[in-house]
>>> print(open('entry_17.cif').read())   # mmCIF, C-alpha atoms
data_final
loop_
_atom_site.label_atom_id
_atom_site.label_comp_id
_atom_site.auth_asym_id
_atom_site.auth_seq_id
_atom_site.Cartn_x
_atom_site.Cartn_y
_atom_site.Cartn_z
CA MET Q 1 65.22 35.21 1.67
CA LYS Q 2 66.30 32.34 3.95
CA ARG Q 3 64.23 33.79 6.79
CA LEU Q 4 61.26 34.12 4.44
CA VAL Q 5 61.44 30.41 3.55
CA ILE Q 6 61.57 29.51 7.26
CA CYS Q 7 58.45 31.59 7.87
CA ILE Q 8 56.64 29.85 5.01
CA LEU Q 9 57.51 26.39 6.35
CA ALA Q 10 56.37 27.40 9.84
CA GLY Q 11 53.06 28.59 8.42
CA LEU Q 12 52.57 25.33 6.58
CA ALA Q 13 53.15 23.34 9.74
CA ALA Q 14 50.84 25.54 11.79
CA VAL Q 15 47.87 25.42 9.46
CA GLY Q 16 48.04 21.71 8.65
CA ALA Q 17 46.05 19.89 6.02
CA ALA Q 18 42.49 20.33 7.23
CA ARG Q 19 39.99 20.16 4.38
CA ALA Q 20 36.97 22.19 5.60
CA GLN Q 21 37.45 25.87 4.88
CA SER Q 22 35.78 29.12 5.90
CA ALA Q 23 35.58 32.47 4.09
CA PRO Q 24 36.24 31.04 0.59
CA ALA Q 25 35.73 34.57 -0.79
CA LEU Q 26 39.33 35.22 0.28
CA LEU Q 27 40.31 33.38 -2.90
CA VAL Q 28 38.39 35.76 -5.18
CA PRO Q 29 40.72 38.32 -6.83
CA GLY Q 30 40.14 41.85 -5.64
CA ASP Q 31 40.51 43.49 -9.05
CA ALA Q 32 39.26 42.96 -12.58
CA ARG Q 33 42.74 42.90 -14.13
CA THR Q 34 43.87 39.92 -12.05
CA LEU Q 35 40.63 38.06 -12.75
CA SER Q 36 40.91 38.63 -16.51
CA LEU Q 37 44.45 37.21 -16.53
CA GLY Q 38 43.44 33.79 -15.23
CA MET Q 39 43.87 34.92 -11.60
CA THR Q 40 47.60 35.53 -12.08
CA LYS Q 41 49.20 38.38 -10.12
CA ALA Q 42 50.41 40.67 -12.87
CA PRO Q 43 53.01 43.34 -12.01
CA PRO Q 44 51.23 46.58 -11.00
CA GLY Q 45 51.64 49.74 -13.03
CA SER Q 46 53.87 52.51 -11.77
CA PHE Q 47 52.48 55.62 -10.05
CA GLU Q 48 53.95 58.74 -8.47
CA THR Q 49 52.12 59.18 -5.15
CA VAL Q 50 48.64 57.65 -4.90
CA ARG Q 51 46.79 54.90 -6.73
CA THR Q 52 43.15 54.23 -5.88
CA ALA Q 53 40.44 52.04 -7.42
CA VAL Q 54 36.91 50.77 -6.87
CA THR Q 55 35.74 47.41 -8.18
CA GLY Q 56 32.35 45.75 -8.48
CA GLY Q 57 30.84 42.77 -10.15
CA LEU Q 58 28.47 39.83 -10.34
CA TRP Q 59 30.08 36.56 -9.27
CA ALA Q 60 28.70 33.31 -10.71
CA PRO Q 61 25.35 34.90 -11.73
CA GLY Q 62 24.04 31.66 -13.17
CA SER Q 63 24.48 29.64 -9.98
CA ALA Q 64 25.37 31.50 -6.78
CA SER Q 65 24.44 35.01 -8.01
CA ASN Q 66 26.82 36.76 -5.60
CA THR Q 67 27.73 40.43 -5.53
CA TYR Q 68 31.24 41.80 -5.05
CA LEU Q 69 32.30 45.33 -4.07
CA GLY Q 70 35.79 46.50 -3.25
CA ALA Q 71 38.02 49.54 -2.91
CA ASP Q 72 41.77 49.91 -2.45
CA VAL Q 73 44.36 52.65 -2.04
CA ALA Q 74 48.14 52.52 -2.47
CA LEU Q 75 50.13 55.44 -1.04
CA LYS Q 76 53.83 55.82 -1.79
CA LEU Q 77 55.21 57.33 1.42
CA SER Q 78 58.83 57.23 0.25
CA PRO Q 79 60.77 55.86 -2.74
CA GLY Q 80 61.24 52.59 -0.86
CA PHE Q 81 57.98 52.17 1.08
CA THR Q 82 54.36 51.92 -0.06
CA LEU Q 83 51.28 51.67 2.18
CA PHE Q 84 48.26 49.61 1.07
CA VAL Q 85 44.66 49.83 2.34
CA ASP Q 86 41.97 47.50 0.99
CA GLY Q 87 38.31 46.80 1.76
CA ARG Q 88 36.08 44.11 0.24
CA TYR Q 89 32.45 43.07 0.58
CA PHE Q 90 31.21 39.76 -0.82
CA ARG Q 91 27.45 39.19 -0.53
CA ASP Q 92 25.96 35.77 -1.17
CA LYS Q 93 22.55 35.00 -2.63
CA PRO Q 94 19.72 35.32 -0.02
CA TYR Q 95 18.06 32.13 1.12
CA ASP Q 96 14.77 31.36 2.87
CA ILE Q 97 14.61 30.82 6.63
CA THR Q 98 12.21 28.05 7.63
CA ASN Q 99 10.65 27.83 11.10
CA ALA Q 100 9.88 24.69 13.12
CA GLN Q 101 6.51 24.32 11.38
CA GLY Q 102 8.16 24.26 7.95
CA SER Q 103 6.93 27.69 6.90
CA VAL Q 104 9.18 30.38 5.47
CA SER Q 105 9.59 33.07 8.13
CA GLY Q 106 12.02 35.32 6.25
CA THR Q 107 15.23 35.46 4.30
CA TYR Q 108 18.90 35.80 5.20
CA THR Q 109 21.84 37.06 3.15
CA PRO Q 110 25.25 35.59 4.05
CA ALA Q 111 28.18 37.94 3.56
CA ASP Q 112 31.94 38.24 4.05
CA MET Q 113 33.76 41.51 4.71
CA PHE Q 114 37.54 42.01 4.71
CA PHE Q 115 39.66 45.02 5.67
CA SER Q 116 43.40 44.93 4.95
CA LEU Q 117 46.34 47.11 5.87
CA GLY Q 118 49.83 46.41 4.54
CA GLY Q 119 53.12 47.75 3.41
CA SER Q 120 55.84 47.04 0.86
CA PHE Q 121 59.52 47.74 1.54
CA ASN Q 122 62.24 47.79 -1.11
CA VAL Q 123 65.20 45.81 0.23
CA SER Q 124 67.14 46.65 -2.94
CA GLU Q 125 66.40 47.84 -6.46
CA ALA Q 126 65.39 44.29 -7.41
CA LEU Q 127 63.90 42.86 -4.19
CA ALA Q 128 60.83 43.97 -2.23
CA LEU Q 129 59.06 42.44 0.77
CA ARG Q 130 55.38 42.98 1.47
CA LEU Q 131 53.31 42.21 4.58
CA ASP Q 132 49.51 42.54 4.81
CA GLY Q 133 47.22 42.05 7.80
CA ARG Q 134 43.49 41.46 7.35
CA VAL Q 135 40.41 41.55 9.58
CA ILE Q 136 37.60 39.16 8.59
CA SER Q 137 33.89 39.33 9.33
CA SER Q 138 31.85 36.39 8.02
CA SER Q 139 28.22 35.34 8.45
CA ILE Q 140 26.56 32.24 6.99
CA ALA Q 141 23.35 32.20 9.08
CA PRO Q 142 21.59 34.41 11.66
CA SER Q 143 23.17 32.38 14.46
CA ALA Q 144 26.43 31.53 12.66
CA LYS Q 145 28.73 34.55 12.52
CA ALA Q 146 32.47 34.78 13.05
CA THR Q 147 35.30 37.30 13.11
CA GLY Q 148 39.01 36.66 12.72
CA PHE Q 149 42.21 37.78 11.13
CA CYS Q 150 44.85 36.57 8.70
CA GLY Q 151 47.93 37.82 6.90
CA ASP Q 152 49.94 37.62 3.70
CA LEU Q 153 53.72 37.63 3.31
CA SER Q 154 55.31 38.14 -0.11
CA ALA Q 155 58.76 38.49 -1.62
CA ILE Q 156 58.95 40.09 -5.08
CA TYR Q 157 62.06 40.01 -7.25
CA GLY Q 158 62.20 41.91 -10.52
CA GLY Q 159 64.59 42.86 -13.27
CA ASP Q 160 64.44 44.20 -16.80
CA GLY Q 161 61.36 42.64 -18.38
CA PHE Q 162 60.58 40.03 -15.71
CA GLN Q 163 59.24 39.65 -12.18
CA ALA Q 164 58.92 36.68 -9.83
CA SER Q 165 57.18 36.38 -6.47
CA LEU Q 166 56.83 33.88 -3.65
CA ALA Q 167 54.01 34.37 -1.17
CA VAL Q 168 51.97 32.79 1.58
CA ARG Q 169 48.41 34.09 1.80
CA ASN Q 170 45.49 33.94 4.22
CA LEU Q 171 47.60 32.64 7.11
CA GLY Q 172 45.66 32.78 10.36
CA PRO Q 173 43.48 30.88 12.82
CA GLY Q 174 40.27 29.35 11.56
CA LEU Q 175 36.85 30.94 11.97
CA ASP Q 176 34.42 29.55 14.55
CA TYR Q 177 30.76 29.95 13.61
CA GLY Q 178 29.68 28.17 16.76
CA GLY Q 179 30.45 24.56 15.93
CA GLY Q 180 34.26 24.50 16.02
CA SER Q 181 37.08 26.13 14.12
CA ASN Q 182 37.14 25.97 10.32
CA PRO Q 183 40.48 26.79 8.65
CA LEU Q 184 40.92 29.62 6.20
CA PRO Q 185 41.83 28.93 2.54
CA SER Q 186 45.55 29.42 3.20
CA LEU Q 187 47.97 28.84 0.36
CA VAL Q 188 51.51 29.24 -0.91
CA SER Q 189 51.93 30.90 -4.28
CA LEU Q 190 54.70 31.08 -6.88
CA ALA Q 191 54.19 33.55 -9.73
CA GLY Q 192 56.15 35.04 -12.58
CA ALA Q 193 55.76 37.61 -15.35
CA TYR Q 194 57.86 38.10 -18.46
CA SER Q 195 57.72 40.75 -21.20
CA PRO Q 196 59.41 39.54 -24.40
CA MET Q 197 58.52 42.93 -25.91
CA ALA Q 198 57.29 46.24 -24.53
CA ALA Q 199 53.63 45.67 -25.45
CA LEU Q 200 53.33 42.01 -24.41
CA THR Q 201 53.36 40.47 -20.91
CA LEU Q 202 53.01 36.77 -20.07
CA ASN Q 203 51.97 35.73 -16.55
CA LEU Q 204 52.16 32.36 -14.81
CA GLU Q 205 51.11 31.33 -11.33
CA ALA Q 206 50.88 28.11 -9.33
CA ASP Q 207 49.14 27.88 -5.94
CA TYR Q 208 49.04 25.09 -3.38
CA LEU Q 209 46.22 25.29 -0.85
CA PHE Q 210 46.86 23.71 2.52
CA SER Q 211 43.54 21.86 2.08
CA GLY Q 212 45.33 19.76 -0.56
CA ALA Q 213 44.06 21.53 -3.68
CA LEU Q 214 46.10 22.93 -6.56
CA MET Q 215 45.41 26.01 -8.64
CA ALA Q 216 47.33 27.42 -11.61
CA GLY Q 217 46.88 30.27 -14.02
CA LEU Q 218 48.14 31.60 -17.33
CA GLY Q 219 47.53 35.18 -18.44
CA VAL Q 220 48.43 37.26 -21.51
CA GLU Q 221 48.23 41.05 -21.78
CA TYR Q 222 48.85 43.04 -24.96
CA GLY Q 223 49.03 46.82 -24.88
CA ILE Q 224 48.14 49.15 -27.75
CA ALA Q 225 49.87 52.54 -27.57
CA ASP Q 226 49.85 52.29 -23.76
CA ILE Q 227 46.17 53.22 -23.88
CA ALA Q 228 44.23 50.01 -24.57
CA PHE Q 229 45.08 46.57 -23.16
CA LEU Q 230 43.70 43.26 -24.41
CA ARG Q 231 43.78 40.42 -21.89
CA ALA Q 232 43.02 36.71 -21.77
CA GLY Q 233 43.73 33.91 -19.34
CA PHE Q 234 43.04 30.39 -18.16
CA HIS Q 235 42.63 29.37 -14.54
CA TYR Q 236 42.89 25.74 -13.47
CA GLY Q 237 41.18 24.99 -10.18
CA ASP Q 238 39.38 22.53 -7.96
CA ALA Q 239 35.62 23.00 -7.73
CA ALA Q 240 35.46 21.14 -4.40
CA LYS Q 241 38.29 22.90 -2.51
CA ALA Q 242 39.18 26.03 -4.48
CA LEU Q 243 37.95 28.22 -7.32
CA PRO Q 244 36.76 26.18 -10.33
CA SER Q 245 38.52 26.28 -13.69
CA TYR Q 246 37.55 29.04 -16.14
CA VAL Q 247 38.63 30.96 -19.24
CA SER Q 248 38.85 34.74 -18.90
CA LEU Q 249 38.69 37.67 -21.27
CA GLY Q 250 39.46 41.27 -20.40
CA LEU Q 251 39.90 44.82 -21.54
CA GLY Q 252 41.81 47.70 -20.00
CA LEU Q 253 41.88 51.41 -20.83
CA GLU Q 254 44.28 54.00 -19.40
CA PHE Q 255 44.44 57.73 -20.08
CA THR Q 256 45.81 60.65 -18.02
CA GLY Q 257 45.94 58.54 -14.87
CA ILE Q 258 42.41 57.14 -15.19
CA THR Q 259 42.08 53.38 -15.65
CA PHE Q 260 39.14 51.18 -16.60
CA ASP Q 261 39.27 47.38 -16.37
CA LEU Q 262 36.73 44.77 -17.42
CA ALA Q 263 36.85 41.00 -16.85
CA TYR Q 264 34.48 38.33 -18.15
CA LEU Q 265 34.58 34.62 -17.31
CA THR Q 266 33.41 31.79 -19.56
CA ALA Q 267 33.90 28.04 -20.16
CA SER Q 268 32.82 27.28 -16.59
CA GLU Q 269 29.52 25.77 -15.49
CA THR Q 270 29.90 27.44 -12.09
CA LEU Q 271 31.58 30.78 -12.84
CA GLY Q 272 30.38 31.39 -16.40
CA ASN Q 273 29.12 34.93 -17.16
CA THR Q 274 30.88 36.38 -14.12
CA VAL Q 275 31.61 40.06 -14.76
CA MET Q 276 33.91 42.38 -12.81
CA VAL Q 277 34.53 46.06 -13.53
CA GLY Q 278 37.12 48.38 -12.03
CA LEU Q 279 37.68 52.14 -12.19
CA GLY Q 280 40.87 53.71 -10.86
CA TYR Q 281 42.98 56.84 -10.75
CA SER Q 282 46.65 57.41 -10.04
CA PHE Q 283 48.86 60.46 -9.71
#
>>> encode(input="entry_17.cif", output="structure tokens")
Amino acid sequence: MKRLVICILAGLAAVGAARAQSAPALLVPGDARTLSLGMTKAPPGSFETVRTAVTGGLWAPGSASNTYLGADVALKLSPGFTLFVDGRYFRDKPYDITNAQGSVSGTYTPADMFFSLGGSFNVSEALALRLDGRVISSSIAPSAKATGFCGDLSAIYGGDGFQASLAVRNLGPGLDYGGGSNPLPSLVSLAGAYSPMAALTLNLEADYLFSGALMAGLGVEYGIADIAFLRAGFHYGDAAKALPSYVSLGLGLEFTGITFDLAYLTASETLGNTVMVGLGYSF
């Protein structure tokens, strides 16, 4: 754990406090369950060998009208090691391209794509370490495209009815679209989950972005017969430097290894009516 803290401090010093950020879609949760719980990282469900899921949704349909698609696979290679593969595609709303005469000559659709590969290793029955590497492809204009990479480092500690994690996410060099480097939305995160009873889980998370912004989340999940799950959450954010604040509602269904998750965002001028749906299978 001491070495982990040293790594976190080194990352903080390396990234600095630059305010302009690239690839903000890195902050968008990759699954509907996390989004419906106020963007808190809830403990994942158990599985025997493989867990896979696909996720899609409309992000901020009333303002940005973006489209999100994602897929992920978790493969348990041994009792103490799990491999993770993740791909995401975030397409922005098309905009008009204007030529020198002021006429519209076409349209362009900005987009971000991420591909991640990672692994989790159980140091003990209570402590696990996870490392993820990610390739980034981002385009904001026909002549403004960039590729890069970043990584996440997490430590997860859990016991009977609770879990806590400390993580640094999106650590890497900034993206250069042709006019200089723009830093990624790197952050340090502290999260916790507690189950006062078998059917109820409470989640908390606090994030500090190196751009100087703060985010926090509260999520509640209530299970009914281990088949249906009612979820709600609140996310506090910064509209200028991070994801804006919102209230979330969600529903989960699970039966014979098949899972269905739905998230809906409200109480946000920017993100209101966002919908994300996920379908998964584990065995």
>>> closest_residue(input="entry_17.cif", among="Q:Ala71, Q:Leu26, Q:Leu214, Q:Leu37", to="Ser138 (chain Q)", atoms="only C-alpha atoms")
Q:Leu26
>>> resolve_selection(input="entry_17.cif", expression="the PyMOL selection byres ((chain Q and resi 140) around 10)", output="MDAnalysis selection string")
chainID Q and resid 22:23 92 108:112 138:139 141:146 177
>>> closest_atom_pairs(input="entry_17.cif", of="region 29-68 of chain Q", to="region 151-160 of chain Q", cutoff="12 Å", atoms="all atoms listed in the file", output="CSV")
residue,atom,partner,partner_atom,distance
Q:Lys41,CA,Q:Ile156,CA,11.1
Q:Ala42,CA,Q:Ile156,CA,11.6
Q:Pro43,CA,Q:Gly158,CA,9.4
Q:Pro44,CA,Q:Ile156,CA,11.7
>>> write_last_selection(input="entry_17.cif", atoms="C-alpha atoms", output="tab-separated table (two decimals), in the frame of the given file")
chain	number	residue	atom	x	y	z
Q	41	LYS	CA	49.20	38.38	-10.12
Q	42	ALA	CA	50.41	40.67	-12.87
Q	43	PRO	CA	53.01	43.34	-12.01
Q	44	PRO	CA	51.23	46.58	-11.00
>>> residues_around(input="entry_17.cif", residues="Leu77 (chain Q)", least_positions_apart="2", cutoff="12 Å", atoms="all atoms listed in the file", output="ChimeraX atom specification")
/Q:47-51,74-75,79-84,119-121
>>> residues_around(input="entry_17.cif", residues="Arg231 (chain Q)", least_positions_apart="3", cutoff="9 Å", atoms="all atoms listed in the file", output="MDAnalysis selection string")
chainID Q and resid 33 36:37 219:223 248:252 263
>>> atom_distance(input="entry_17.cif", atom1="CA of Phe115 (chain Q)", atom2="CA of Val168 (chain Q)")
17.8 Å
>>> residues_around(input="entry_17.cif", residues="Gly237 (chain Q)", least_positions_apart="6", cutoff="8 Å", atoms="only C-alpha atoms", output="PyMOL selection string")
chain Q and resi 213-216+243-245
>>> atom_distance(input="entry_17.cif", atom1="CA of Met197 (chain Q)", atom2="CA of Asn122 (chain Q)")
25.5 Å
>>> residues_around(input="entry_17.cif", residues="Tyr68 (chain Q)", least_positions_apart="5", cutoff="8 Å", atoms="only C-alpha atoms", output="number ranges by chain")
Q: 55-59, 88-91
>>> resolve_selection(input="entry_17.cif", expression="the PyMOL selection byres ((chain Q and resi 93) around 6)", output="ChimeraX atom specification")
/Q:65-66,92,94
>>> resolve_selection(input="entry_17.cif", expression="the PyMOL selection byres ((chain Q and resi 186) around 6)", output="JSON, numbers by chain")
{"Q": [169, 170, 171, 184, 185, 187, 209, 210]}
